[in-house]
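**Q** Data file run-v9.tsv (TSV, C-alpha atoms) is appended below.
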chain	number	residue	atom	x	y	z
A	1	MET	CA	0.00	0.00	0.00
A	2	THR	CA	1.15	3.51	-0.70
A	3	THR	CA	1.91	5.48	2.42
A	4	ALA	CA	0.69	9.00	2.83
A	5	PRO	CA	2.88	11.83	4.05
A	6	GLN	CA	3.16	12.19	7.81
A	7	ALA	CA	0.78	14.72	9.32
A	8	ARG	CA	0.12	15.99	12.78
A	9	SER	CA	-2.76	14.64	14.83
A	10	PRO	CA	-6.04	16.54	14.48
A	11	LEU	CA	-6.27	16.52	18.28
A	12	ARG	CA	-3.56	19.21	18.29
A	13	SER	CA	-6.18	21.64	16.98
A	14	TRP	CA	-8.21	23.32	19.73
A	15	ARG	CA	-10.98	23.90	17.21
A	16	PHE	CA	-11.16	20.19	16.48
A	17	ARG	CA	-11.27	19.39	20.19
A	18	ARG	CA	-14.21	21.76	20.57
A	19	VAL	CA	-16.06	20.12	17.67
A	20	ILE	CA	-15.44	16.61	19.06
A	21	ALA	CA	-16.51	17.63	22.57
A	22	ALA	CA	-19.69	19.16	21.19
A	23	GLU	CA	-20.42	16.07	19.10
A	24	PHE	CA	-19.88	13.68	22.01
A	25	THR	CA	-22.03	15.75	24.36
A	26	SER	CA	-24.98	16.01	21.99
A	27	SER	CA	-24.62	12.38	20.85
A	28	VAL	CA	-24.80	11.04	24.41
A	29	GLY	CA	-28.03	12.98	24.89
A	30	THR	CA	-29.39	11.79	21.55
A	31	GLN	CA	-28.63	8.15	22.35
A	32	MET	CA	-30.38	8.53	25.69
A	33	THR	CA	-33.46	9.82	23.88
A	34	THR	CA	-33.17	6.96	21.37
A	35	LEU	CA	-34.10	4.68	24.27
A	36	ALA	CA	-36.23	7.06	26.34
A	37	LEU	CA	-38.62	8.28	23.61
A	38	PRO	CA	-39.62	4.82	22.28
A	39	TRP	CA	-40.03	3.65	25.87
A	40	PHE	CA	-42.27	6.64	26.61
A	41	VAL	CA	-44.40	5.96	23.50
A	42	LEU	CA	-44.64	2.24	24.23
A	43	MET	CA	-45.56	2.72	27.89
A	44	THR	CA	-48.14	5.45	27.26
A	45	SER	CA	-49.76	3.98	24.15
A	46	GLY	CA	-49.01	0.27	24.45
A	47	SER	CA	-48.51	0.20	20.68
A	48	PRO	CA	-45.27	-1.05	19.07
A	49	ALA	CA	-46.64	0.19	15.72
A	50	ARG	CA	-46.81	3.75	17.07
A	51	MET	CA	-43.28	3.40	18.38
A	52	GLY	CA	-42.07	2.37	14.91
A	53	LEU	CA	-43.95	5.23	13.29
A	54	VAL	CA	-42.07	7.70	15.48
A	55	PHE	CA	-38.75	6.37	14.15
A	56	LEU	CA	-39.97	6.50	10.55
A	57	VAL	CA	-41.29	10.06	10.78
A	58	GLN	CA	-38.03	11.25	12.32
A	59	ILE	CA	-35.72	9.70	9.71
A	60	LEU	CA	-37.71	10.46	6.55
A	61	PRO	CA	-36.90	14.21	6.37
A	62	VAL	CA	-33.16	13.48	6.30
A	63	PRO	CA	-32.97	12.07	2.75
A	64	LEU	CA	-35.92	14.12	1.50
A	65	LEU	CA	-34.36	17.45	2.51
A	66	ALA	CA	-30.72	16.62	1.83
A	67	MET	CA	-30.48	18.81	-1.27
A	68	PRO	CA	-32.11	21.97	0.19
A	69	ALA	CA	-30.04	21.38	3.33
A	70	GLY	CA	-26.89	21.58	1.22
A	71	LEU	CA	-27.98	24.99	-0.06
A	72	LEU	CA	-28.62	26.17	3.49
A	73	VAL	CA	-25.19	25.02	4.70
A	74	ALA	CA	-23.49	26.69	1.73
A	75	ARG	CA	-25.36	29.97	2.33
A	76	TRP	CA	-25.14	30.16	6.13
A	77	GLY	CA	-21.91	28.27	6.79
A	78	ALA	CA	-21.32	25.03	8.71
A	79	ARG	CA	-20.71	26.72	12.07
A	80	ARG	CA	-23.90	28.76	12.05
A	81	VAL	CA	-26.06	25.85	10.85
A	82	THR	CA	-24.63	23.52	13.50
A	83	ILE	CA	-25.24	25.99	16.33
A	84	ALA	CA	-28.75	26.73	15.05
A	85	GLY	CA	-29.37	22.99	14.79
A	86	ASP	CA	-28.25	22.41	18.38
A	87	LEU	CA	-30.49	25.17	19.73
A	88	SER	CA	-33.47	24.07	17.64
A	89	SER	CA	-33.04	20.46	18.75
A	90	ALA	CA	-32.82	21.56	22.38
A	91	LEU	CA	-36.13	23.45	22.11
A	92	LEU	CA	-37.91	20.67	20.22
A	93	THR	CA	-36.73	17.95	22.60
A	94	ALA	CA	-37.74	19.99	25.64
A	95	ALA	CA	-41.16	20.57	24.07
A	96	VAL	CA	-42.07	16.88	24.46
A	97	PRO	CA	-42.03	16.72	28.30
A	98	THR	CA	-43.29	20.30	28.56
A	99	LEU	CA	-46.39	19.67	26.46
A	100	TYR	CA	-47.02	16.30	28.06
A	101	MET	CA	-46.99	17.73	31.57
A	102	ALA	CA	-49.42	20.42	30.37
A	103	GLY	CA	-51.73	17.77	28.91
A	104	LEU	CA	-51.17	19.11	25.38
A	105	LEU	CA	-49.34	16.24	23.66
A	106	PRO	CA	-51.62	14.10	21.51
A	107	PHE	CA	-49.83	11.54	19.36
A	108	TRP	CA	-50.11	13.66	16.21
A	109	ALA	CA	-48.33	16.52	18.00
A	110	LEU	CA	-45.51	14.18	18.99
A	111	LEU	CA	-45.16	13.12	15.34
A	112	VAL	CA	-44.95	16.78	14.29
A	113	ILE	CA	-42.18	17.42	16.82
A	114	VAL	CA	-40.08	14.42	15.80
A	115	ALA	CA	-40.59	15.31	12.12
A	116	LEU	CA	-39.25	18.80	12.85
A	117	ILE	CA	-36.28	17.24	14.63
A	118	GLY	CA	-35.66	15.19	11.47
A	119	CYS	CA	-35.79	18.37	9.37
A	120	VAL	CA	-33.16	19.97	11.60
A	121	THR	CA	-31.03	16.82	11.40
A	122	SER	CA	-31.02	16.92	7.58
A	123	ALA	CA	-28.93	20.11	7.60
A	124	TYR	CA	-27.14	19.34	10.86
A	125	LEU	CA	-25.43	16.16	9.64
A	126	SER	CA	-23.66	17.63	6.61
A	127	ALA	CA	-22.84	20.85	8.48
A	128	GLN	CA	-21.09	18.85	11.21
A	129	ARG	CA	-18.75	17.15	8.72
A	130	LEU	CA	-17.90	20.41	6.97
A	131	LEU	CA	-17.29	22.07	10.32
A	132	LEU	CA	-14.89	19.25	11.07
A	133	THR	CA	-12.90	20.02	7.92
A	134	GLU	CA	-12.86	23.74	8.71
A	135	SER	CA	-11.34	22.97	12.11
A	136	ILE	CA	-8.39	20.86	10.86
A	137	GLY	CA	-7.58	21.99	7.32
A	138	LEU	CA	-7.45	20.12	4.02
A	139	ASP	CA	-4.74	17.50	4.47
A	140	GLU	CA	-6.14	14.14	3.33
A	141	ALA	CA	-4.61	12.08	6.15
A	142	VAL	CA	-5.56	14.56	8.85
A	143	VAL	CA	-9.17	14.76	7.64
A	144	THR	CA	-9.40	10.95	7.50
A	145	ALA	CA	-8.05	10.71	11.05
A	146	GLY	CA	-10.40	13.48	12.14
A	147	ASN	CA	-13.41	11.68	10.71
A	148	ALA	CA	-12.35	8.49	12.47
A	149	LEU	CA	-12.08	10.34	15.79
A	150	PHE	CA	-15.44	11.95	15.08
A	151	GLU	CA	-16.92	8.48	14.70
A	152	THR	CA	-15.11	7.43	17.90
A	153	ALA	CA	-17.12	10.08	19.72
A	154	THR	CA	-20.42	8.93	18.20
A	155	SER	CA	-19.65	5.22	18.74
A	156	THR	CA	-18.69	5.81	22.36
A	157	ALA	CA	-21.91	7.76	22.81
A	158	ARG	CA	-23.83	4.75	21.49
A	159	LEU	CA	-22.29	2.69	24.29
A	160	VAL	CA	-22.69	5.25	27.08
A	161	GLY	CA	-26.04	6.87	26.23
A	162	PRO	CA	-28.42	3.88	26.30
A	163	ALA	CA	-26.76	2.42	29.41
A	164	VAL	CA	-27.13	5.69	31.32
A	165	ALA	CA	-30.65	6.18	29.97
A	166	GLY	CA	-31.74	2.73	31.18
A	167	PHE	CA	-30.51	3.58	34.67
A	168	LEU	CA	-32.20	7.00	34.69
A	169	ILE	CA	-35.50	5.84	33.19
A	170	ALA	CA	-35.88	3.26	35.95
A	171	ARG	CA	-35.41	5.93	38.63
A	172	PHE	CA	-36.74	9.18	37.20
A	173	GLY	CA	-38.95	8.26	34.22
A	174	ALA	CA	-38.46	8.58	30.48
A	175	LEU	CA	-39.62	12.19	30.19
A	176	ASN	CA	-36.94	13.43	32.56
A	177	VAL	CA	-34.29	11.81	30.36
A	178	LEU	CA	-35.50	14.01	27.49
A	179	TRP	CA	-34.66	17.07	29.59
A	180	ILE	CA	-31.06	15.85	29.77
A	181	ASP	CA	-30.95	15.50	25.98
A	182	ALA	CA	-32.21	19.09	25.60
A	183	VAL	CA	-29.46	20.31	27.93
A	184	SER	CA	-26.84	18.34	25.98
A	185	PHE	CA	-27.76	20.21	22.78
A	186	ALA	CA	-27.50	23.54	24.58
A	187	VAL	CA	-24.05	22.62	25.90
A	188	SER	CA	-22.98	21.55	22.40
A	189	ALA	CA	-24.04	24.93	20.97
A	190	THR	CA	-22.11	26.72	23.70
A	191	LEU	CA	-18.93	24.80	22.88
A	192	LEU	CA	-19.19	25.86	19.22
A	193	VAL	CA	-19.87	29.55	19.82
A	194	GLY	CA	-16.18	30.39	20.22
A	195	LEU	CA	-15.08	28.90	16.90
A	196	PRO	CA	-13.87	31.40	14.27
A	197	ARG	CA	-16.30	32.22	11.51
A	198	THR	CA	-15.52	30.98	8.02
A	199	PRO	CA	-15.68	33.69	5.31
A	200	PRO	CA	-18.74	33.30	3.05
A	201	ALA	CA	-18.31	31.76	-0.37
A	202	GLU	CA	-17.45	34.16	-3.19
A	203	GLN	CA	-20.40	32.90	-5.23
A	204	PRO	CA	-23.85	32.53	-3.65
A	205	PRO	CA	-25.17	28.96	-3.52
A	206	SER	CA	-27.77	28.06	-6.08
A	207	SER	CA	-29.72	25.13	-7.42
A	208	HIS	CA	-27.20	25.09	-10.28
A	209	HIS	CA	-24.41	24.31	-7.81
A	210	MET	CA	-26.59	21.67	-6.20
A	211	ALA	CA	-27.13	19.89	-9.50
A	212	GLU	CA	-23.46	20.32	-10.35
A	213	GLY	CA	-22.57	18.66	-7.05
A	214	VAL	CA	-24.67	15.64	-7.95
A	215	ARG	CA	-23.06	15.45	-11.38
A	216	TYR	CA	-19.61	15.73	-9.85
A	217	LEU	CA	-20.32	12.82	-7.50
A	218	LEU	CA	-21.55	10.65	-10.37
A	219	ARG	CA	-18.70	11.68	-12.69
A	220	ASP	CA	-15.79	11.21	-10.28
A	221	ARG	CA	-14.74	7.54	-10.36
A	222	VAL	CA	-13.36	7.48	-6.82
A	223	LEU	CA	-16.36	9.18	-5.22
A	224	ARG	CA	-18.83	7.19	-7.31
A	225	THR	CA	-17.25	3.89	-6.28
A	226	LEU	CA	-17.02	4.88	-2.62
A	227	ALA	CA	-20.63	6.04	-2.61
A	228	LEU	CA	-21.81	2.80	-4.21
A	229	ALA	CA	-19.88	0.68	-1.69
A	230	ALA	CA	-21.10	2.79	1.22
A	231	LEU	CA	-24.65	2.44	-0.06
A	232	GLY	CA	-24.16	-1.32	-0.11
A	233	TYR	CA	-23.04	-1.38	3.52
A	234	GLY	CA	-25.86	1.03	4.37
A	235	MET	CA	-28.31	-1.56	3.06
A	236	LEU	CA	-26.60	-4.57	4.63
A	237	MET	CA	-25.61	-3.54	8.14
A	238	PRO	CA	-29.15	-2.65	9.31
A	239	VAL	CA	-30.10	-6.20	8.38
A	240	VAL	CA	-27.33	-7.47	10.66
A	241	MET	CA	-28.47	-5.12	13.44
A	242	LEU	CA	-32.03	-6.45	13.19
A	243	ALA	CA	-30.73	-10.03	13.04
A	244	LEU	CA	-29.03	-9.82	16.45
A	245	PRO	CA	-32.19	-10.01	18.61
A	246	VAL	CA	-33.58	-12.64	16.21
A	247	LEU	CA	-30.44	-14.70	16.77
A	248	ALA	CA	-30.77	-14.29	20.52
A	249	LYS	CA	-34.36	-15.54	20.34
A	250	ASP	CA	-33.83	-18.44	17.92
A	251	ARG	CA	-30.40	-19.73	18.88
A	252	TYR	CA	-30.01	-18.82	22.53
A	253	ASP	CA	-33.39	-19.59	24.10
A	254	ALA	CA	-34.65	-16.00	23.94
A	255	ASP	CA	-31.99	-14.94	26.45
A	256	PRO	CA	-31.99	-11.13	26.78
A	257	HIS	CA	-28.42	-11.28	28.08
A	258	ALA	CA	-27.36	-12.79	24.74
A	259	ALA	CA	-29.04	-9.94	22.87
A	260	GLY	CA	-27.28	-7.46	25.15
A	261	TRP	CA	-23.87	-9.01	24.53
A	262	LEU	CA	-24.38	-8.98	20.77
A	263	LEU	CA	-25.47	-5.33	20.70
A	264	ALA	CA	-22.58	-4.39	22.97
A	265	ALA	CA	-20.20	-6.21	20.62
A	266	TRP	CA	-21.56	-4.10	17.74
A	267	GLY	CA	-20.91	-0.82	19.53
A	268	GLY	CA	-17.60	-1.91	21.03
A	269	GLY	CA	-16.23	-3.17	17.73
A	270	THR	CA	-17.18	0.06	15.97
A	271	ALA	CA	-15.61	2.19	18.69
A	272	LEU	CA	-12.37	0.19	18.57
A	273	GLY	CA	-12.27	0.45	14.79
A	274	THR	CA	-12.51	4.24	14.85
A	275	VAL	CA	-9.50	4.46	17.16
A	276	VAL	CA	-7.46	2.15	14.90
A	277	VAL	CA	-8.37	4.11	11.78
A	278	ALA	CA	-7.37	7.38	13.45
A	279	ARG	CA	-3.91	5.93	14.10
A	280	LEU	CA	-3.50	4.44	10.62
A	281	ALA	CA	-4.80	7.43	8.66
A	282	HIS	CA	-1.32	9.01	8.52
A	283	ARG	CA	0.27	5.82	7.17
A	284	PHE	CA	-2.13	4.76	4.41
A	285	THR	CA	-4.12	6.57	1.76
A	286	PRO	CA	-7.90	6.81	2.25
A	287	VAL	CA	-8.56	4.50	-0.70
A	288	ALA	CA	-6.20	1.86	0.69
A	289	LEU	CA	-7.86	2.10	4.12
A	290	ALA	CA	-11.32	1.77	2.59
A	291	ALA	CA	-10.30	-1.31	0.60
A	292	ALA	CA	-8.79	-3.00	3.66
A	293	GLY	CA	-11.82	-2.09	5.75
A	294	GLY	CA	-14.24	-3.47	3.19
A	295	ALA	CA	-12.34	-6.75	2.93
A	296	GLY	CA	-12.13	-7.12	6.72
A	297	ALA	CA	-15.82	-6.36	7.26
A	298	ALA	CA	-16.85	-8.86	4.60
A	299	ALA	CA	-14.63	-11.56	6.10
A	300	GLY	CA	-16.13	-11.01	9.56
A	301	LEU	CA	-19.70	-11.20	8.26
A	302	TRP	CA	-19.09	-14.67	6.79
A	303	PHE	CA	-18.84	-16.05	10.36
A	304	LEU	CA	-22.30	-14.84	11.40
A	305	PRO	CA	-24.45	-17.53	9.70
A	306	TRP	CA	-22.66	-20.31	11.60
A	307	ASP	CA	-24.37	-21.99	14.56
A	308	GLN	CA	-21.96	-21.24	17.42
A	309	PRO	CA	-21.76	-20.15	21.07
A	310	VAL	CA	-22.86	-16.60	21.79
A	311	THR	CA	-19.32	-15.62	22.84
A	312	THR	CA	-17.76	-16.47	19.48
A	313	LEU	CA	-20.69	-14.88	17.65
A	314	ALA	CA	-20.15	-11.69	19.65
A	315	VAL	CA	-16.47	-11.75	18.65
A	316	ALA	CA	-17.45	-12.15	14.98
A	317	VAL	CA	-19.91	-9.23	15.23
A	318	ALA	CA	-17.28	-7.05	16.89
A	319	ALA	CA	-14.67	-8.01	14.29
A	320	GLY	CA	-16.95	-7.20	11.36
A	321	CYS	CA	-18.02	-3.86	12.84
A	322	MET	CA	-14.42	-2.98	13.74
A	323	PHE	CA	-13.54	-2.72	10.04
A	324	LEU	CA	-16.50	-0.53	9.04
A	325	PRO	CA	-14.96	2.80	10.18
A	326	ALA	CA	-12.08	2.09	7.78
A	327	VAL	CA	-14.67	2.39	5.01
A	328	THR	CA	-16.81	5.26	6.27
A	329	ALA	CA	-14.12	7.64	7.57
A	330	PRO	CA	-12.05	7.69	4.33
A	331	ALA	CA	-15.23	7.87	2.23
A	332	VAL	CA	-16.52	10.93	4.09
A	333	ALA	CA	-13.05	12.53	4.03
A	334	LEU	CA	-12.79	12.21	0.25
A	335	MET	CA	-16.38	13.39	-0.20
A	336	MET	CA	-15.36	16.57	1.58
A	337	LEU	CA	-11.97	17.07	-0.07
A	338	ARG	CA	-12.15	15.95	-3.72
A	339	PRO	CA	-14.88	18.31	-4.98
A	340	PRO	CA	-14.13	22.01	-5.57
A	341	GLU	CA	-14.78	24.07	-2.46
A	342	HIS	CA	-18.02	25.61	-3.72
A	343	LEU	CA	-19.47	22.14	-4.42
A	344	ARG	CA	-18.60	20.45	-1.12
A	345	PRO	CA	-21.80	21.49	0.70
A	346	HIS	CA	-23.76	19.81	-2.10
A	347	VAL	CA	-21.77	16.57	-2.49
A	348	VAL	CA	-21.72	15.58	1.20
A	349	PRO	CA	-25.55	15.78	1.68
A	350	VAL	CA	-26.14	13.65	-1.42
A	351	PHE	CA	-23.82	10.98	-0.04
A	352	GLY	CA	-25.50	11.14	3.36
A	353	ALA	CA	-28.97	11.03	1.84
A	354	ALA	CA	-28.15	7.82	-0.04
A	355	VAL	CA	-27.10	6.09	3.17
A	356	PHE	CA	-30.13	7.39	5.07
A	357	VAL	CA	-32.48	6.21	2.33
A	358	ALA	CA	-30.87	2.77	2.45
A	359	SER	CA	-31.37	2.26	6.20
A	360	PRO	CA	-35.19	2.42	6.48
A	361	ILE	CA	-35.55	0.35	3.30
A	362	ALA	CA	-33.21	-2.26	4.76
A	363	TYR	CA	-35.08	-2.40	8.07
A	364	GLY	CA	-38.39	-2.87	6.28
A	365	VAL	CA	-37.08	-5.58	3.96
A	366	ALA	CA	-35.23	-7.37	6.77
A	367	GLY	CA	-38.37	-7.68	8.86
A	368	VAL	CA	-40.14	-9.43	5.98
A	369	LEU	CA	-37.17	-11.66	5.23
A	370	PHE	CA	-36.87	-12.89	8.81
A	371	GLU	CA	-40.54	-13.90	8.78
A	372	HIS	CA	-40.12	-16.11	5.69
A	373	LEU	CA	-36.46	-17.23	5.68
A	374	ALA	CA	-34.03	-18.70	8.19
A	375	VAL	CA	-31.80	-16.08	9.77
A	376	SER	CA	-28.69	-17.97	8.63
A	377	THR	CA	-29.90	-17.74	5.01
A	378	VAL	CA	-30.41	-13.98	5.27
A	379	LEU	CA	-26.99	-13.48	6.90
A	380	THR	CA	-25.34	-15.52	4.15
A	381	ALA	CA	-26.88	-13.18	1.59
A	382	VAL	CA	-25.57	-10.23	3.62
A	383	ALA	CA	-22.05	-11.69	3.54
A	384	VAL	CA	-22.30	-12.11	-0.25
A	385	GLY	CA	-23.40	-8.48	-0.64
A	386	ALA	CA	-20.60	-7.26	1.62
A	387	SER	CA	-18.08	-9.23	-0.42
A	388	LEU	CA	-19.29	-7.55	-3.62
A	389	SER	CA	-18.93	-4.14	-1.97
A	390	ALA	CA	-15.44	-5.08	-0.86
A	391	LEU	CA	-14.52	-6.07	-4.42
A	392	LEU	CA	-15.58	-2.59	-5.57
A	393	LEU	CA	-13.23	-0.99	-3.07
A	394	LEU	CA	-10.38	-3.38	-3.86
A	395	SER	CA	-10.70	-2.62	-7.58
A	396	LEU	CA	-10.51	1.08	-6.75
A	397	ALA	CA	-7.35	0.58	-4.70
A	398	ARG	CA	-5.64	-1.36	-7.49
A	399	ARG	CA	-6.15	1.37	-10.07
A	400	PRO	CA	-4.21	4.65	-10.00
A	401	ARG	CA	-6.44	7.51	-9.06
A	402	PRO	CA	-6.15	11.13	-10.15
A	403	GLY	CA	-4.92	13.54	-7.55
A	404	PRO	CA	-7.76	15.03	-5.49
A	405	MET	CA	-7.97	18.62	-4.39
A	406	THR	CA	-6.05	18.20	-1.17
A	407	ALA	CA	-3.49	20.14	0.77
A	408	ALA	CA	-0.81	17.76	-0.43
A	409	ALA	CA	-1.56	18.74	-4.02
A	410	HIS	CA	-1.75	22.44	-3.17
A	411	PRO	CA	1.14	23.48	-0.89
A	412	ASP	CA	-0.31	26.94	-0.35
A	413	ARG	CA	-3.47	25.41	1.13
A	414	HIS	CA	-1.48	22.97	3.20
A	415	SER	CA	0.39	25.75	4.93
A	416	ALA	CA	-2.80	27.69	5.53
A	417	GLY	CA	-4.60	24.69	6.92
A	418	SER	CA	-1.81	23.22	9.04
A	419	ILE	CA	-2.49	22.57	12.67
Any chance you could put this one into structure tokens?

**A**
Amino acid sequence: MTTAPQARSPLRSWRFRRVIAAEFTSSVGTQMTTLALPWFVLMTSGSPARMGLVFLVQILPVPLLAMPAGLLVARWGARRVTIAGDLSSALLTAAVPTLYMAGLLPFWALLVIVALIGCVTSAYLSAQRLLLTESIGLDEAVVTAGNALFETATSTARLVGPAVAGFLIARFGALNVLWIDAVSFAVSATLLVGLPRTPPAEQPPSSHHMAEGVRYLLRDRVLRTLALAALGYGMLMPVVMLALPVLAKDRYDADPHAAGWLLAAWGGGTALGTVVVARLAHRFTPVALAAAGGAGAAAGLWFLPWDQPVTTLAVAVAAGCMFLPAVTAPAVALMMLRPPEHLRPHVVPVFGAAVFVASPIAYGVAGVLFEHLAVSTVLTAVAVGASLSALLLLSLARRPRPGPMTAAAHPDRHSAGSI
């Protein structure tokens, strides 16, 4: 593999540390709500269907509004959109317990609130990634490491948030956990207030730039291949996530402890992978990392269909998930760096929208598949799909790629963006 030039750690940047701290704080709160809000809906309505509808209504705006969100980020700037998103999310989250205590929260009103949260998230997600790049410059290796550390924060939050939420729900009730989430968004916004403002783009954003961003993504061989592979994993990994409780029920006598171990292995493997990628980002090119990650994830998934003890299955889940950040972090880094600067706010949301569209489709299809097919059959098909995605990435790594718009290719930018 071709080694990339040595670069300093993104953690040396105080701006990056602020962004990571803000992300971890808000993510812990969000993961607490991910458990608390469904629990609240289930306990008050007794309807699993209503609980599922809440998830669907919240995620749908993300892909539907990805393109207009790119225009908003380009016009306002990543910092301003992220802060506005934090404050809006704080108010919307706090509105749920406030209205409920006032007796003014029918189910339709709850759906409106979560839909508005999804609308905020559509702009918030792409703004966060661009804000990350603004905080550490344009060096390819540094941005890849920064994205891996960013995912470390979110993966760790997925471990900490639900565990803390379960403890707090049992003692203080689900609605009080939502207050903590609202406070976490306010703290996140406060951490970002001190970041320097980025000068506005010389040309105002327009629908022309938005369409040009889509064309650029489809025209660029590297980005097109990465997006296609990421879309494949976006379709496959939710199936694996849904398979874990099914495996616990079918193979391990419906033992909830088995389901807990498998879900913990998912989060732990992902968190470990992000740390490894952050350390390797300065030694290997993003394309080489993505190819290795795709191959490793596919190899791990081939062990899941086997009938085996829960401990070895948990190891296989953790191993497969450990390689995924090696795909996602380089992919996001190149999505942010390869396009011309004025197109970046429009390329990143398109990439994110594709993944977000894939997830709900995958969850819906997986539920039907598990009702009609053996779980081992479905997981074998997942391993085949992951192997095909890995072959895409390996073919990309074997072919020489044209130089992207990075700091390494533009020394003047490298010096301006050094940490």

**Q** Skip range 143-160 of chain A itself and residues of its chain fewer than 4 positions away, then list as a list of chain:residue names all residues within 6 Å of it, counting all atoms listed in the file.

**A**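 Surrounding residues, per the criterion: A:Pro10, A:Phe24, A:Ser27, A:Val28, A:Gln31, A:Ala271, A:Thr274, A:Val277, A:Ala278, A:Ala281, A:Ala329, A:Pro330, A:Ala333.
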
**Q** What residues have an atom no more than 9 Å from (-35.9, -8.6, 11.7) in the file's own frame, counting all atoms listed in the file, and can you write them as a CSV table (one decimal) with C-alpha atoms, keeping the file's coordinate frame?

**A**
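Once written, selection-v4.csv looks like this:
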chain,number,residue,atom,x,y,z
A,239,VAL,CA,-30.1,-6.2,8.4
A,240,VAL,CA,-27.3,-7.5,10.7
A,241,MET,CA,-28.5,-5.1,13.4
A,242,LEU,CA,-32.0,-6.4,13.2
A,243,ALA,CA,-30.7,-10.0,13.0
A,244,LEU,CA,-29.0,-9.8,16.4
A,245,PRO,CA,-32.2,-10.0,18.6
A,246,VAL,CA,-33.6,-12.6,16.2
A,363,TYR,CA,-35.1,-2.4,8.1
A,364,GLY,CA,-38.4,-2.9,6.3
A,365,VAL,CA,-37.1,-5.6,4.0
A,366,ALA,CA,-35.2,-7.4,6.8
A,367,GLY,CA,-38.4,-7.7,8.9
A,368,VAL,CA,-40.1,-9.4,6.0
A,369,LEU,CA,-37.2,-11.7,5.2
A,370,PHE,CA,-36.9,-12.9,8.8
A,371,GLU,CA,-40.5,-13.9,8.8
A,375,VAL,CA,-31.8,-16.1,9.8

**Q** With distances taken over all atoms listed in the file, which of A:Val275, A:Leu324, A:Leu394, A:Thr82 is nearest to Leu191 in chain A?

**A** A:Thr82

**Q** Using all atoms listed in the file, determine which residues lie at most 10 Å from Asp181 in chain A, disregarding the query and same-chain residues fewer than 2 positions distant; provide the list as a CSV table (one decimal) with C-alpha atoms, in the coordinates of the input.

**A**
chain,number,residue,atom,x,y,z
A,25,THR,CA,-22.0,15.8,24.4
A,26,SER,CA,-25.0,16.0,22.0
A,27,SER,CA,-24.6,12.4,20.8
A,28,VAL,CA,-24.8,11.0,24.4
A,29,GLY,CA,-28.0,13.0,24.9
A,30,THR,CA,-29.4,11.8,21.6
A,31,GLN,CA,-28.6,8.2,22.4
A,32,MET,CA,-30.4,8.5,25.7
A,33,THR,CA,-33.5,9.8,23.9
A,34,THR,CA,-33.2,7.0,21.4
A,36,ALA,CA,-36.2,7.1,26.3
A,89,SER,CA,-33.0,20.5,18.8
A,90,ALA,CA,-32.8,21.6,22.4
A,93,THR,CA,-36.7,18.0,22.6
A,94,ALA,CA,-37.7,20.0,25.6
A,161,GLY,CA,-26.0,6.9,26.2
A,176,ASN,CA,-36.9,13.4,32.6
A,177,VAL,CA,-34.3,11.8,30.4
A,178,LEU,CA,-35.5,14.0,27.5
A,179,TRP,CA,-34.7,17.1,29.6
A,183,VAL,CA,-29.5,20.3,27.9
A,184,SER,CA,-26.8,18.3,26.0
A,185,PHE,CA,-27.8,20.2,22.8
A,186,ALA,CA,-27.5,23.5,24.6
A,187,VAL,CA,-24.0,22.6,25.9

**Q** Between CA of Leu125 in chain A and CA of Asp86 in chain A, what distance in Å does the model show, to one decimal?

**A**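 Taking CA of Leu125 in chain A and CA of Asp86 in chain A, their separation equals 11.1 Å.
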
**Q** Do you have the CA of Ala78 in chain A-CA of Ala123 in chain A distance handy?

**A** 9.1 Å

**Q** If you measure from CA of Ala109 in chain A to CA of Thr121 in chain A, what distance in Å do you get, rounded to one decimal?

**A**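 Separation of CA of Ala109 in chain A and CA of Thr121 in chain A: 18.5 Å.
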
**Q** Restricting the calculation to only C-alpha atoms, which member of A:Arg129, A:Ala182, A:Ala290, A:Gln58 is positioned closest to Thr98 in chain A?

**A**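 Of all the options, A:Ala182 lies closest to Thr98 in chain A.
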
**Q** Residues at most 10 Å from Gly194 in chain A, counting all atoms listed in the file, excluding those fewer than 5 positions away in the same chain, as a list in words?

**A**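 Listing them by chain and then by number gives Arg15, Arg18 and Ala189 of chain A.
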
**Q** Could you write those residues out with C-alpha atoms, as a PDB file, in the coordinates of the input?

**A**
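Once everything was written out, this is out-v2.pdb:
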ATOM      1  CA  ARG A  15     -10.980  23.900  17.210  1.00  0.00           C
ATOM      2  CA  ARG A  18     -14.210  21.760  20.570  1.00  0.00           C
ATOM      3  CA  ALA A 189     -24.040  24.930  20.970  1.00  0.00           C
TER       4      ALA A 189
END

**Q** Using all atoms listed in the file, which of A:Thr285, A:Ile113, A:Leu218, A:Gly268 sits nearest Val317 in chain A?

**A** A:Gly268

**Q** Kindly list the centre and edge lengths in Å, rounded to one decimal, for the axis-aligned box that covers all listed atoms of range 126-129 of chain A plus 8 Å on each of its six sides, as JSON.

**A**
{"center_x": -21.2, "center_y": 19.0, "center_z": 8.9, "size_x": 20.9, "size_y": 19.7, "size_z": 20.6}

**Q** Skipping near chain neighbours, those fewer than 6 positions away, what residues fall within 7 Å of Cys321 in chain A using all atoms listed in the file, listed as a PyMOL selection string?

**A** chain A and resi 266+269-270+297

**Q** Nearest to Ile117 in chain A among A:Gly320, A:Pro61, A:Pro196, A:Gly70, with distances taken over all atoms listed in the file: which residue is it?

**A**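 Of the candidates, the smallest distance to Ile117 in chain A is held by A:Pro61.
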
**Q** Of the candidates A:Leu301, A:Val142, A:Ala316, A:Leu262, which shows the shortest atom-to-atom distance to Leu280 in chain A, using all atoms listed in the file?

**A** A:Val142
